[in-house]
Amino acid sequence: MQQKTVVAVYTGQGLADPMKTIFKELLPDVRLVTIIDDSLIGDVVKAGHVPPGVARRLVQYFHHAEELGADVILNTCSSVGEVADDASRFIGVPIVKIDQSMAALAAVTYERIAVLATLPSTLEPTIRLIQKQADAAGKAVTVVNGLAAGAFDALVGGNPAEHDRILLETAKRVSDESDVLVLAQGSMARMEQTLREVTGKPVLSSPRMGVEAVKAILEHS
């Protein structure tokens, strides 16, 4: 049987190595190709939304992925998920959004959903995605804003301990008004267990669920 190829597209550096570990566990026989352009997330953060230049570059990477022989493309950044939705209409292979399965699970399983994010540019698309999934399921949900203001700056400023402290404080603040905590950024997955222990609430993160979604498509193709 011909080896399958997955191309993972990243807008920053932090998630690529943890994702490789998950791929080795769940899809050890797949050829994994990685495309990283960390200017993308920098431009999104600066603009506060996805500017046209970022969307154009991202779509170019999806085209490159197709040319590289991708059977599936994995879009790993929640901030640009809506660009992936638009691009899927004219890219000839499936594009899996890392957070699609997580958002769907949250929407159909829980009523009050807190979205934790360190950037507004990630928080807002994630909230829209969850709402869209809930609408598709014919379900009413309440989405709680869990923006951990200052955490992203702490992380890029070389202070991960302060990032984690702000995230924990935010999780505690929103946990009383929610049934589940959803981690908007894949890079937050390392905090999943800690947040679960501190809040006593279920916590959903996207990296593993994203790879499981890729695996499901490969198995049915």
# chains A, B, ... in the order shown; residues from 1 in each chain; ligands from 1
>>> closest_atom_pairs(of="segment 88-184 of chain A", to="segment 69-78 of chain A", cutoff="12 Å", atoms="only C-alpha atoms", output="CSV")
residue,atom,partner,partner_atom,distance
A:Ser88,CA,A:Ile73,CA,9.9
A:Ile91,CA,A:Ile73,CA,9.7
A:Gly92,CA,A:Asp71,CA,9.3
A:Val93,CA,A:Val72,CA,5.9
A:Pro94,CA,A:Val72,CA,5.2
A:Ile95,CA,A:Ile73,CA,4.7
A:Val96,CA,A:Leu74,CA,4.9
A:Lys97,CA,A:Asn75,CA,4.9
A:Ile98,CA,A:Thr76,CA,5.1
A:Asp99,CA,A:Ser78,CA,6.5
A:Gln100,CA,A:Ser78,CA,9.1
A:Met102,CA,A:Ser78,CA,11.2
A:Ala103,CA,A:Ser78,CA,10.8
A:Ala117,CA,A:Ser78,CA,10.3
A:Thr118,CA,A:Ser78,CA,12.0
A:Leu119,CA,A:Ser78,CA,10.7
A:Pro120,CA,A:Ser78,CA,11.3
A:Ser121,CA,A:Ser78,CA,8.8
A:Thr122,CA,A:Ser78,CA,5.9
A:Leu123,CA,A:Ser78,CA,8.5
A:Glu124,CA,A:Ser78,CA,9.6
A:Pro125,CA,A:Ser78,CA,7.0
A:Thr126,CA,A:Ser78,CA,6.7
A:Ile127,CA,A:Ser78,CA,10.5
A:Arg128,CA,A:Ser78,CA,11.0
A:Leu129,CA,A:Ser78,CA,9.5
A:Ile130,CA,A:Ser78,CA,11.8
A:Leu183,CA,A:Ser78,CA,10.2
A:Ala184,CA,A:Ser78,CA,6.8
>>> write_last_selection(atoms="N, CA and C atoms", output="tab-separated table (two decimals), in the first residue's frame")
chain	number	residue	atom	x	y	z
A	88	SER	N	-10.68	25.55	1.30
A	88	SER	CA	-11.05	24.16	1.04
A	88	SER	C	-11.91	24.02	-0.21
A	91	ILE	N	-8.95	23.78	-3.00
A	91	ILE	CA	-7.80	22.88	-2.79
A	91	ILE	C	-8.32	21.46	-2.98
A	92	GLY	N	-7.59	20.66	-3.72
A	92	GLY	CA	-8.12	19.36	-4.14
A	92	GLY	C	-8.01	18.24	-3.13
A	93	VAL	N	-7.48	18.51	-1.95
A	93	VAL	CA	-7.39	17.48	-0.90
A	93	VAL	C	-8.04	18.03	0.37
A	94	PRO	N	-8.47	17.15	1.27
A	94	PRO	CA	-9.13	17.63	2.50
A	94	PRO	C	-8.20	18.49	3.35
A	95	ILE	N	-8.75	19.57	3.89
A	95	ILE	CA	-8.05	20.38	4.89
A	95	ILE	C	-8.73	20.15	6.22
A	96	VAL	N	-7.98	19.62	7.18
A	96	VAL	CA	-8.50	19.40	8.52
A	96	VAL	C	-8.07	20.57	9.41
A	97	LYS	N	-9.03	21.19	10.08
A	97	LYS	CA	-8.70	22.24	11.04
A	97	LYS	C	-8.44	21.56	12.39
A	98	ILE	N	-7.35	21.90	13.02
A	98	ILE	CA	-6.93	21.23	14.25
A	98	ILE	C	-8.02	21.29	15.33
A	99	ASP	N	-8.83	22.34	15.32
A	99	ASP	CA	-9.80	22.54	16.40
A	99	ASP	C	-11.23	22.16	16.03
A	100	GLN	N	-11.45	21.65	14.82
A	100	GLN	CA	-12.81	21.35	14.38
A	100	GLN	C	-13.48	20.29	15.25
A	102	MET	N	-12.65	19.31	18.27
A	102	MET	CA	-12.79	19.81	19.64
A	102	MET	C	-14.02	20.70	19.76
A	103	ALA	N	-14.19	21.61	18.80
A	103	ALA	CA	-15.35	22.52	18.84
A	103	ALA	C	-16.66	21.75	18.72
A	117	ALA	N	-8.17	31.56	25.87
A	117	ALA	CA	-7.23	31.96	24.83
A	117	ALA	C	-6.35	33.07	25.38
A	118	THR	N	-5.14	33.19	24.81
A	118	THR	CA	-4.25	34.27	25.24
A	118	THR	C	-4.25	35.42	24.24
A	119	LEU	N	-4.99	35.26	23.13
A	119	LEU	CA	-5.07	36.31	22.11
A	119	LEU	C	-6.51	36.49	21.65
A	120	PRO	N	-6.99	37.73	21.52
A	120	PRO	CA	-8.32	37.95	20.97
A	120	PRO	C	-8.45	37.37	19.56
A	121	SER	N	-7.35	37.39	18.79
A	121	SER	CA	-7.40	36.91	17.40
A	121	SER	C	-7.58	35.41	17.31
A	122	THR	N	-7.36	34.71	18.43
A	122	THR	CA	-7.67	33.27	18.48
A	122	THR	C	-9.00	33.02	19.17
A	123	LEU	N	-9.28	33.81	20.19
A	123	LEU	CA	-10.52	33.65	20.96
A	123	LEU	C	-11.76	33.78	20.06
A	124	GLU	N	-11.79	34.84	19.26
A	124	GLU	CA	-13.01	35.16	18.51
A	124	GLU	C	-13.34	34.10	17.45
A	125	PRO	N	-12.35	33.65	16.63
A	125	PRO	CA	-12.67	32.58	15.67
A	125	PRO	C	-13.10	31.28	16.34
A	126	THR	N	-12.52	30.99	17.51
A	126	THR	CA	-12.89	29.76	18.22
A	126	THR	C	-14.32	29.84	18.73
A	127	ILE	N	-14.70	30.98	19.27
A	127	ILE	CA	-16.09	31.18	19.70
A	127	ILE	C	-17.05	31.03	18.52
A	128	ARG	N	-16.68	31.64	17.38
A	128	ARG	CA	-17.54	31.52	16.19
A	128	ARG	C	-17.65	30.07	15.73
A	129	LEU	N	-16.54	29.33	15.79
A	129	LEU	CA	-16.55	27.93	15.36
A	129	LEU	C	-17.45	27.09	16.25
A	130	ILE	N	-17.37	27.28	17.56
A	130	ILE	CA	-18.22	26.53	18.49
A	130	ILE	C	-19.69	26.87	18.24
A	183	LEU	N	-9.58	24.88	25.21
A	183	LEU	CA	-8.31	25.58	25.00
A	183	LEU	C	-8.20	25.97	23.53
A	184	ALA	N	-8.28	27.26	23.26
A	184	ALA	CA	-8.36	27.73	21.87
A	184	ALA	C	-7.07	27.49	21.09
>>> closest_atom_pairs(of="segment 104-136 of chain A", to="segment 160-178 of chain A", cutoff="7 Å", atoms="only C-alpha atoms", output="CSV")
residue,atom,partner,partner_atom,distance
A:Arg112,CA,A:Ser178,CA,4.7
A:Ile113,CA,A:Ser178,CA,5.4
A:Ala114,CA,A:Ser178,CA,5.7
>>> atom_distance(atom1="atom CA of Met209 of chain A", atom2="atom CA of Lys20 of chain A")
13.8 Å
>>> select_by_dssp(residues="segment 11-202 of chain A", states="helix (DSSP H, G or I)", output="PyMOL selection string")
chain A and resi 16-26+39-47+52-67+78-87+100-109+120-136+151-156+160-175+186-199
>>> closest_atom_pairs(of="segment 69-99 of chain A", to="segment 52-56 of chain A", cutoff="9 Å", atoms="only C-alpha atoms", output="CSV")
residue,atom,partner,partner_atom,distance
A:Val80,CA,A:Ala55,CA,7.7
A:Val83,CA,A:Ala55,CA,6.1
A:Ala84,CA,A:Ala55,CA,8.8
>>> closest_residue(among="A:Leu155, A:Val203, A:Val115, A:Val211", to="Val7 of chain A", atoms="only C-alpha atoms")
A:Val211
>>> closest_residue(among="A:Thr11, A:Ile36, A:His63, A:Gly200", to="Gln185 of chain A", atoms="only C-alpha atoms")
A:Thr11
>>> residues_around(residues="Ser187 of chain A", least_positions_apart="3", cutoff="10 Å", atoms="only C-alpha atoms", output="JSON, numbers by chain")
{"A": [12, 13, 14, 15, 16, 18, 19, 76, 77, 183, 184, 190, 191, 205, 206, 207]}
>>> decode(residues="segment 56-72 of chain A", atoms="all heavy atoms", output="CSV table (one decimal), in the first residue's frame")
chain,number,residue,atom,x,y,z
A,56,ARG,N,-3.4,35.2,2.0
A,56,ARG,CA,-2.8,34.9,0.7
A,56,ARG,C,-1.7,33.9,0.9
A,56,ARG,O,-1.6,32.9,0.2
A,56,ARG,CB,-2.3,36.1,0.0
A,56,ARG,CG,-3.3,36.9,-0.8
A,56,ARG,CD,-2.7,37.8,-1.8
A,56,ARG,NE,-1.8,38.8,-1.2
A,56,ARG,CZ,-2.3,39.9,-0.7
A,56,ARG,NH1,-3.5,40.3,-0.7
A,56,ARG,NH2,-1.4,40.8,-0.1
A,57,ARG,N,-0.8,34.2,1.8
A,57,ARG,CA,0.4,33.3,2.1
A,57,ARG,C,-0.1,31.9,2.5
A,57,ARG,O,0.4,30.9,2.1
A,57,ARG,CB,1.3,33.9,3.1
A,57,ARG,CG,2.0,35.2,2.6
A,57,ARG,CD,3.3,35.5,3.3
A,57,ARG,NE,3.3,35.7,4.7
A,57,ARG,CZ,2.9,36.7,5.4
A,57,ARG,NH1,2.4,37.8,4.7
A,57,ARG,NH2,3.0,36.8,6.7
A,58,LEU,N,-1.1,31.9,3.4
A,58,LEU,CA,-1.6,30.6,3.9
A,58,LEU,C,-2.1,29.8,2.8
A,58,LEU,O,-1.9,28.6,2.7
A,58,LEU,CB,-2.6,30.9,5.0
A,58,LEU,CG,-3.0,29.6,5.8
A,58,LEU,CD1,-1.9,29.2,6.7
A,58,LEU,CD2,-4.2,30.0,6.7
A,59,VAL,N,-2.9,30.4,1.9
A,59,VAL,CA,-3.5,29.7,0.8
A,59,VAL,C,-2.4,29.1,-0.1
A,59,VAL,O,-2.5,28.0,-0.7
A,59,VAL,CB,-4.5,30.5,0.0
A,59,VAL,CG1,-4.9,29.9,-1.3
A,59,VAL,CG2,-5.7,30.8,0.9
A,60,GLN,N,-1.3,29.9,-0.3
A,60,GLN,CA,-0.2,29.5,-1.1
A,60,GLN,C,0.4,28.2,-0.5
A,60,GLN,O,0.8,27.3,-1.2
A,60,GLN,CB,0.9,30.6,-1.2
A,60,GLN,CG,0.5,31.7,-2.2
A,60,GLN,CD,1.4,32.9,-2.1
A,60,GLN,OE1,2.3,33.0,-1.2
A,60,GLN,NE2,1.3,33.8,-3.0
A,61,TYR,N,0.5,28.2,0.9
A,61,TYR,CA,1.1,27.0,1.5
A,61,TYR,C,0.2,25.8,1.3
A,61,TYR,O,0.7,24.7,1.2
A,61,TYR,CB,1.3,27.3,3.0
A,61,TYR,CG,2.4,28.3,3.3
A,61,TYR,CD1,2.2,29.3,4.2
A,61,TYR,CD2,3.6,28.3,2.6
A,61,TYR,CE1,3.1,30.3,4.4
A,61,TYR,CE2,4.5,29.3,2.8
A,61,TYR,CZ,4.3,30.3,3.7
A,61,TYR,OH,5.3,31.2,3.9
A,62,PHE,N,-1.1,26.0,1.3
A,62,PHE,CA,-2.0,24.9,1.1
A,62,PHE,C,-1.8,24.4,-0.4
A,62,PHE,O,-1.8,23.1,-0.6
A,62,PHE,CB,-3.5,25.3,1.2
A,62,PHE,CG,-3.9,25.7,2.7
A,62,PHE,CD1,-4.9,26.6,2.9
A,62,PHE,CD2,-3.3,25.1,3.7
A,62,PHE,CE1,-5.3,26.9,4.2
A,62,PHE,CE2,-3.6,25.4,5.0
A,62,PHE,CZ,-4.6,26.3,5.3
A,63,HIS,N,-1.6,25.3,-1.3
A,63,HIS,CA,-1.3,24.8,-2.7
A,63,HIS,C,0.0,24.1,-2.7
A,63,HIS,O,0.1,23.0,-3.4
A,63,HIS,CB,-1.2,26.0,-3.6
A,63,HIS,CG,-2.5,26.6,-4.1
A,63,HIS,ND1,-3.4,25.8,-4.8
A,63,HIS,CD2,-3.2,27.8,-3.9
A,63,HIS,CE1,-4.5,26.5,-5.1
A,63,HIS,NE2,-4.4,27.7,-4.5
A,64,HIS,N,1.0,24.6,-2.0
A,64,HIS,CA,2.3,23.9,-1.9
A,64,HIS,C,2.1,22.5,-1.4
A,64,HIS,O,2.7,21.5,-1.8
A,64,HIS,CB,3.3,24.6,-1.1
A,64,HIS,CG,3.8,25.9,-1.6
A,64,HIS,ND1,3.9,26.1,-3.0
A,64,HIS,CD2,4.1,27.1,-1.0
A,64,HIS,CE1,4.3,27.4,-3.2
A,64,HIS,NE2,4.5,28.0,-2.0
A,65,ALA,N,1.3,22.4,-0.3
A,65,ALA,CA,1.0,21.1,0.3
A,65,ALA,C,0.4,20.1,-0.7
A,65,ALA,O,0.8,18.9,-0.7
A,65,ALA,CB,0.1,21.3,1.5
A,66,GLU,N,-0.5,20.6,-1.5
A,66,GLU,CA,-1.1,19.8,-2.5
A,66,GLU,C,0.0,19.3,-3.5
A,66,GLU,O,0.0,18.1,-3.9
A,66,GLU,CB,-2.2,20.5,-3.2
A,66,GLU,CG,-3.1,19.7,-4.0
A,66,GLU,CD,-4.3,20.5,-4.6
A,66,GLU,OE1,-4.4,21.7,-4.4
A,66,GLU,OE2,-5.2,19.9,-5.2
A,67,GLU,N,0.9,20.2,-3.9
A,67,GLU,CA,1.9,19.9,-4.8
A,67,GLU,C,2.9,18.9,-4.2
A,67,GLU,O,3.5,18.1,-5.0
A,67,GLU,CB,2.7,21.1,-5.3
A,67,GLU,CG,1.8,22.0,-6.2
A,67,GLU,CD,2.4,23.4,-6.3
A,67,GLU,OE1,3.5,23.7,-5.7
A,67,GLU,OE2,1.8,24.3,-7.0
A,68,LEU,N,3.1,18.9,-2.9
A,68,LEU,CA,4.0,18.0,-2.2
A,68,LEU,C,3.4,16.6,-2.1
A,68,LEU,O,4.0,15.7,-1.6
A,68,LEU,CB,4.3,18.5,-0.8
A,68,LEU,CG,5.3,19.7,-0.7
A,68,LEU,CD1,5.1,20.4,0.6
A,68,LEU,CD2,6.7,19.2,-1.0
A,69,GLY,N,2.1,16.4,-2.6
A,69,GLY,CA,1.5,15.1,-2.6
A,69,GLY,C,0.7,14.8,-1.3
A,69,GLY,O,0.4,13.6,-1.0
A,70,ALA,N,0.2,15.9,-0.7
A,70,ALA,CA,-0.6,15.7,0.6
A,70,ALA,C,-1.9,14.9,0.3
A,70,ALA,O,-2.6,15.2,-0.7
A,70,ALA,CB,-0.9,17.0,1.2
A,71,ASP,N,-2.1,13.9,1.1
A,71,ASP,CA,-3.4,13.2,1.1
A,71,ASP,C,-4.4,14.0,2.0
A,71,ASP,O,-5.6,14.0,1.8
A,71,ASP,CB,-3.3,11.8,1.6
A,71,ASP,CG,-2.5,10.9,0.6
A,71,ASP,OD1,-3.0,10.6,-0.4
A,71,ASP,OD2,-1.3,10.7,0.9
A,72,VAL,N,-3.8,14.6,3.0
A,72,VAL,CA,-4.6,15.5,4.0
A,72,VAL,C,-3.7,16.6,4.3
A,72,VAL,O,-2.5,16.5,4.6
A,72,VAL,CB,-5.1,14.7,5.2
A,72,VAL,CG1,-5.8,15.7,6.2
A,72,VAL,CG2,-6.0,13.6,4.9
